[in-house]
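Working notes for the structure below.
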Amino acid sequence: MNTHRDSGSINTSKSSTKHRKTGEFVARESLFTELFCISHINCVRNGFIAGFILMVLRHLVDDLLHYGRLNWTFELLFLAFGQLHIVIIIWSIMTLCTTFIVYYGTYIWANNRKFSGTSLKLYDIIWLLIYICYIMGLLIIPYWQVNKYQLPFACATTVILEQLRQLMKTHSFVRENAGKIISQPNKSTDPLLSSEFSHFNQYLYFLYAPTLIFRDVYPRTSTIRWNVVFKMFGQYLTCGFLVYHILAYSWMPVFARCFTETDLTLKSAITSIFDLILPGVLIIILCYYGFFYCWLIGFAELLRFADRMFHADWWNSASSVTFWRTWNIIVHDWLYAYVYEDLSKLCSGKKTLPIICVTILSAILHEYWLTIVSGIFYPVLFVWYGLFGMLLRFAFPRSKGPLWSLFFLLMIPVYFATVAYLYALEMSIRYFPWNRQTFENVMVKNGNESKVDL
């Protein structure tokens with residue numbers, strides 16, 4: 001692998017994220033890219049590939065033996081991506097607004113700050129209210145459209161995740177430029193470090209760059225390796241196919257029980273959750289590899305974005321703090337820079353309240369996404385992600401050794417499968433209420449049966 005492409009080339013990063021400064025961009029390769037250069041690690045990847053091939057072959061051979069032909073159906077795929085044209089329209093309108101209204105609105109504010117004293121404060125407050133109204137509109141209108149057209153799961157997920165991405169990018173751009181304009185001018189003679197308002201081409205590049213932290217200049221590579229681009233996006237599509245295969249043939253039969261079984265018991269609930277865990281592990285691996293490696297590296301290569309550290313070795317995390325810091329560096333940087341640090345300044349350097357606010361905000365955003373795409377408010381995700389995550393954060397802030405890593409690796413698939421099952425069960429109860437029981441009723445019934453036995 002050529003890691004010396006130019007002066008801004010991508011170099012291997014041996015430093016831990018403990019020594020990484022938030023918002024600092026350095027030319028470096030992805031951790032996965034470095035690991036796959038090790039033959040033993042690459043052998044593990046090949047083992048997973050072989051396992052997935054055997055999984056697909058198993059269904060292929062089974063269909064040929066029983067039906068004499070392939071019996072693969074893509075009804076679930078067509079159902080999940082129905083009304084895709086509406087998604088394209090919503091995304092286009094959001095993107096146009098984020099591209100032009102945000103940039104030129106911020107530019108007009110910055111270019112006309114020619115007042116002083118009370119007039120300047122009033123001028124800034126008016127534009128701050130305009131900015132808040134725009135953010136509220138960006139939150140409400142896409143949600144309204146998703147609800148109006150009753151978009152299916154995959155389409156609604158696309159709209160909501162893109163909405164949140166553009167919202168965070170918008171805030172980063174406005175926040176960084178507002179800081180430059182309000183603060184004293186930068187006396188540096190380097191034009192790249194000028195405190196002047198950012199150019200439109202810099203903002204346009206940022207909108208599609210794989211980062212949520214705005215900078216006028218990022219480390220760039222000199223060329224685009226098109227073979228890497230096609231390889232990454234090809235692997236991303238392959239991961240998508242495998243995830244669909246697991247969902248259709250491993251998860252959906254378990255979910256079907258939620259809609260067909262009228263006599264729900266605690267025993268059947270536990271059995272269903274454990275039936276979801278192993279396929280869930282494969283889904284987690286494929287989704288994480290597909291997005292944080294294939295999708296982001298593909299875009300980074302296409303845009304010559306040289307900093308490829310989108311995650312660290314979260315699987316070796318020996319404390320909850322390390323896990324939250326390393327599993328999604330892109331979102332962590334945004335939360336740290338624009339929520340934690342800003343709140344720390346307001347709290348005179350105190351850390352407890354900013355940490356709580358960051359955890360709760362993250363949990364709210366996750367719950368917001370799942371509530372919109374599922375059409376029901378069932379705050380299991382908020383409880384697991386927010387309250388349980390906060391408990392771990394304050395109860396075990398320091399490294400607890402290798403057993404702590406094992407605990408995380410056990411809890412992630414259990415949490416994933418449990419949340420998926422509870423949402424499927426709740427949806428079956430709400431949409432097919434006849435002769436159905438809630439999970440709480442099942443717990444009460446089993447408790448009463450145990451008392452009778454005693």
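Going by the structure tokens order, chains are called A, B, ..., each with residues numbered from 1, while ligands are numbered from 1 in the order shown.
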
> Could you name the residues that touch Leu204 (chain A) at 12 Å or less, counting only C-alpha atoms, but leaving out those on the same chain fewer than 3 positions away, as a ChimeraX atom specification?
Replying inline: /A:95-96,98-100,102-103,166,169-170,173,198-201,207-209,214-216,303

>> What's around Gly137 (chain A) at 12 Å? Count only C-alpha atoms, leave out sequence neighbours fewer than 4 positions away in its own chain, and write the answer as JSON, numbers by chain.
In response: {"A": [94, 97, 98, 130, 131, 132, 133, 141, 142, 143, 144, 145, 163, 167]}

For region 251-262 of chain A, find every residue with an atom within 10 Å (counting only C-alpha atoms), except residues of its own chain fewer than 3 positions away, and show them as a CSV table (one decimal) with N, CA, C and O atoms, in the first residue's frame.
```csv
chain,number,residue,atom,x,y,z
A,76,LEU,N,-39.6,-7.4,0.6
A,76,LEU,CA,-39.2,-6.6,1.8
A,76,LEU,C,-38.4,-5.4,1.3
A,76,LEU,O,-38.6,-4.3,1.8
A,244,TYR,N,-29.7,-7.3,4.0
A,244,TYR,CA,-31.0,-7.7,3.6
A,244,TYR,C,-31.3,-9.2,3.7
A,244,TYR,O,-32.3,-9.6,4.1
A,245,HIS,N,-30.3,-10.0,3.3
A,245,HIS,CA,-30.4,-11.4,3.3
A,245,HIS,C,-30.7,-11.9,4.8
A,245,HIS,O,-31.5,-12.7,5.0
A,246,ILE,N,-29.9,-11.3,5.7
A,246,ILE,CA,-30.0,-11.8,7.1
A,246,ILE,C,-31.4,-11.3,7.7
A,246,ILE,O,-32.1,-12.0,8.4
A,247,LEU,N,-31.8,-10.1,7.3
A,247,LEU,CA,-33.1,-9.6,7.8
A,247,LEU,C,-34.2,-10.4,7.3
A,247,LEU,O,-35.1,-10.8,8.0
A,248,ALA,N,-34.2,-10.7,6.0
A,248,ALA,CA,-35.3,-11.4,5.4
A,248,ALA,C,-35.4,-12.9,5.8
A,248,ALA,O,-36.5,-13.4,6.0
A,265,THR,N,-45.6,-15.4,26.1
A,265,THR,CA,-45.1,-15.7,27.5
A,265,THR,C,-43.6,-15.1,27.6
A,265,THR,O,-43.0,-14.8,26.6
A,268,SER,N,-41.2,-17.4,25.7
A,268,SER,CA,-41.1,-17.2,24.2
A,268,SER,C,-40.4,-15.8,23.9
A,268,SER,O,-39.7,-15.7,22.9
A,269,ALA,N,-40.6,-14.8,24.8
A,269,ALA,CA,-39.9,-13.5,24.5
A,269,ALA,C,-38.4,-13.7,24.6
A,269,ALA,O,-37.7,-13.2,23.8
A,271,THR,N,-36.7,-16.5,24.3
A,271,THR,CA,-36.3,-17.3,23.2
A,271,THR,C,-36.1,-16.5,21.9
A,271,THR,O,-35.1,-16.6,21.1
A,272,SER,N,-37.1,-15.6,21.6
A,272,SER,CA,-37.1,-14.8,20.4
A,272,SER,C,-35.9,-13.8,20.5
A,272,SER,O,-35.2,-13.6,19.4
A,273,ILE,N,-35.6,-13.2,21.6
A,273,ILE,CA,-34.4,-12.3,21.7
A,273,ILE,C,-33.1,-13.1,21.4
A,273,ILE,O,-32.3,-12.6,20.7
A,275,ASP,N,-32.8,-15.7,19.6
A,275,ASP,CA,-32.8,-16.0,18.2
A,275,ASP,C,-32.4,-14.9,17.3
A,275,ASP,O,-31.9,-15.1,16.2
A,276,LEU,N,-32.5,-13.6,17.9
A,276,LEU,CA,-32.1,-12.4,17.1
A,276,LEU,C,-30.7,-12.1,17.4
A,276,LEU,O,-30.1,-11.3,16.6
A,277,ILE,N,-30.1,-12.6,18.4
A,277,ILE,CA,-28.7,-12.1,18.8
A,277,ILE,C,-27.7,-12.4,17.8
A,277,ILE,O,-26.9,-11.6,17.3
A,279,PRO,N,-27.8,-13.5,14.5
A,279,PRO,CA,-27.9,-12.7,13.3
A,279,PRO,C,-27.7,-11.2,13.5
A,279,PRO,O,-27.2,-10.5,12.6
A,280,GLY,N,-28.1,-10.7,14.7
A,280,GLY,CA,-27.8,-9.3,15.0
A,280,GLY,C,-26.3,-8.9,15.0
A,280,GLY,O,-25.9,-7.9,14.6
A,417,ALA,N,-30.5,-6.7,19.9
A,417,ALA,CA,-31.6,-7.7,19.7
A,417,ALA,C,-32.8,-7.4,20.6
A,417,ALA,O,-34.0,-7.5,20.1
A,420,ALA,N,-34.7,-4.3,19.2
A,420,ALA,CA,-35.5,-4.7,18.0
A,420,ALA,C,-36.7,-5.5,18.3
A,420,ALA,O,-37.8,-5.3,17.7
A,421,TYR,N,-36.6,-6.5,19.2
A,421,TYR,CA,-37.7,-7.3,19.6
A,421,TYR,C,-38.8,-6.5,20.2
A,421,TYR,O,-40.0,-6.7,19.9
A,422,LEU,N,-38.5,-5.7,21.2
A,422,LEU,CA,-39.5,-4.9,21.9
A,422,LEU,C,-40.2,-4.0,21.0
A,422,LEU,O,-41.4,-3.8,21.1
A,423,TYR,N,-39.5,-3.4,20.0
A,423,TYR,CA,-40.2,-2.5,19.0
A,423,TYR,C,-41.1,-3.3,18.1
A,423,TYR,O,-42.3,-2.9,17.8
A,424,ALA,N,-40.7,-4.5,17.7
A,424,ALA,CA,-41.5,-5.3,16.9
A,424,ALA,C,-42.8,-5.8,17.6
A,424,ALA,O,-43.9,-5.8,17.1
A,425,LEU,N,-42.6,-6.1,18.9
A,425,LEU,CA,-43.7,-6.5,19.8
A,425,LEU,C,-44.6,-5.4,20.0
A,425,LEU,O,-45.9,-5.6,19.9
A,426,GLU,N,-44.1,-4.2,20.2
A,426,GLU,CA,-45.0,-3.1,20.5
A,426,GLU,C,-45.8,-2.7,19.2
A,426,GLU,O,-47.0,-2.3,19.3
A,427,MET,N,-45.2,-2.8,18.1
A,427,MET,CA,-45.9,-2.5,16.8
A,427,MET,C,-47.0,-3.5,16.5
A,427,MET,O,-48.0,-3.2,16.1
A,428,SER,N,-46.7,-4.8,16.8
A,428,SER,CA,-47.7,-5.8,16.6
A,428,SER,C,-48.9,-5.6,17.6
A,428,SER,O,-50.1,-5.8,17.2
A,429,ILE,N,-48.6,-5.1,18.8
A,429,ILE,CA,-49.7,-4.8,19.7
A,429,ILE,C,-50.5,-3.6,19.3
A,429,ILE,O,-51.8,-3.6,19.4
A,431,TYR,N,-50.8,-2.2,16.2
A,431,TYR,CA,-51.5,-2.4,14.9
A,431,TYR,C,-52.4,-3.6,14.8
A,431,TYR,O,-53.3,-3.7,13.9
A,432,PHE,N,-52.2,-4.6,15.6
A,432,PHE,CA,-53.0,-5.8,15.7
A,432,PHE,C,-53.4,-6.1,17.1
A,432,PHE,O,-52.9,-7.0,17.8
A,433,PRO,N,-54.3,-5.2,17.7
A,433,PRO,CA,-54.5,-5.3,19.2
A,433,PRO,C,-55.3,-6.4,19.6
A,433,PRO,O,-55.4,-6.7,20.8
A,434,TRP,N,-56.1,-7.1,18.7
A,434,TRP,CA,-57.0,-8.1,19.2
A,434,TRP,C,-56.2,-9.3,19.8
A,434,TRP,O,-55.2,-9.8,19.2
A,435,ASN,N,-56.6,-9.7,21.0
A,435,ASN,CA,-56.0,-10.9,21.7
A,435,ASN,C,-54.5,-10.7,21.9
A,435,ASN,O,-53.8,-11.7,21.9
A,436,ARG,N,-54.0,-9.5,22.0
A,436,ARG,CA,-52.6,-9.3,22.2
A,436,ARG,C,-52.3,-8.8,23.6
A,436,ARG,O,-53.2,-8.2,24.3
A,437,GLN,N,-51.1,-9.1,24.0
A,437,GLN,CA,-50.7,-8.7,25.4
A,437,GLN,C,-49.5,-7.8,25.3
A,437,GLN,O,-48.7,-7.9,24.4
```

>> Quick one: residues within 12 Å of Phe407 (chain A), only C-alpha atoms, excluding same-chain residues fewer than 5 positions away - as a ChimeraX atom specification?
In response: /A:315-320,323,392,400-402,412-415

> What residues in region 66-297 of chain A get the DSSP label alpha helix (DSSP H)? Please answer as a ChimeraX atom specification.
Replying inline: /A:66-67,75-80,84-96,102-111,118-149,153-182,200-208,226-246,252-260,266-288,296-297

>> I'd like the interatomic distance between CA of Phe36 (chain A) and CA of Leu242 (chain A), to a tenth of an Å.
In response: 20.8 Å

> Contacts of region 108-117 of chain A at 12 Å or less, counting only C-alpha atoms, minus same-chain residues fewer than 6 places along, as a PyMOL selection string?
Replying inline: chain A and resi 100-102+123-128+130-131+174+177-182+195-198

> Hey, can you check how far CA of Thr238 (chain A) sits from CA of Leu409 (chain A)?
Replying inline: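 CA of Leu409 (chain A) lies at a distance of 24.5 Å from CA of Thr238 (chain A).
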
> Nearest to Thr157 (chain A) among A:Leu64, A:Ile38, A:Leu282, A:Val87, with distances taken over only C-alpha atoms: which residue is it?
Replying inline: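 For Thr157 (chain A), the nearest of the candidates is A:Val87.
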
>> From the options A:Lys267, A:Arg45, A:His171, A:Arg325, which residue's atoms come nearest to Thr22 (chain A), counting only C-alpha atoms?
In response: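 Of the candidates, the smallest distance to Thr22 (chain A) is held by A:Arg325.
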
>> Would you pick out the contacts of region 367-372 of chain A at 8 Å or less, using only C-alpha atoms, so that residues sharing its chain but fewer than 6 positions from it are not included, and give the list as a list in words?
In response: Tyr143, Val146, Asn147, Ala156, Thr157, Ile160, Leu161, Tyr378, Pro379, Leu381 and Phe382 of chain A

>> Taking 4 positions as the minimum chain separation for residues in the same chain, which residues sit within 12 Å of region 47-50 of chain A when counting only C-alpha atoms? Answer as a PyMOL selection string.
In response: chain A and resi 40-43+54-57+235+238-239+242+282+285-286+289

> With distances taken over only C-alpha atoms, which of A:Ile86, A:Ala337, A:Cys347, A:His332 is nearest to Thr359 (chain A)?
Replying inline: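 Using only C-alpha atoms, the shortest distance to Thr359 (chain A) belongs to A:His332.
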
> CA of Phe408 (chain A) and CA of Arg393 (chain A) are how many Å apart?
Replying inline: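 Computing the Euclidean distance for CA of Phe408 (chain A) and CA of Arg393 (chain A) yields 12.7 Å.
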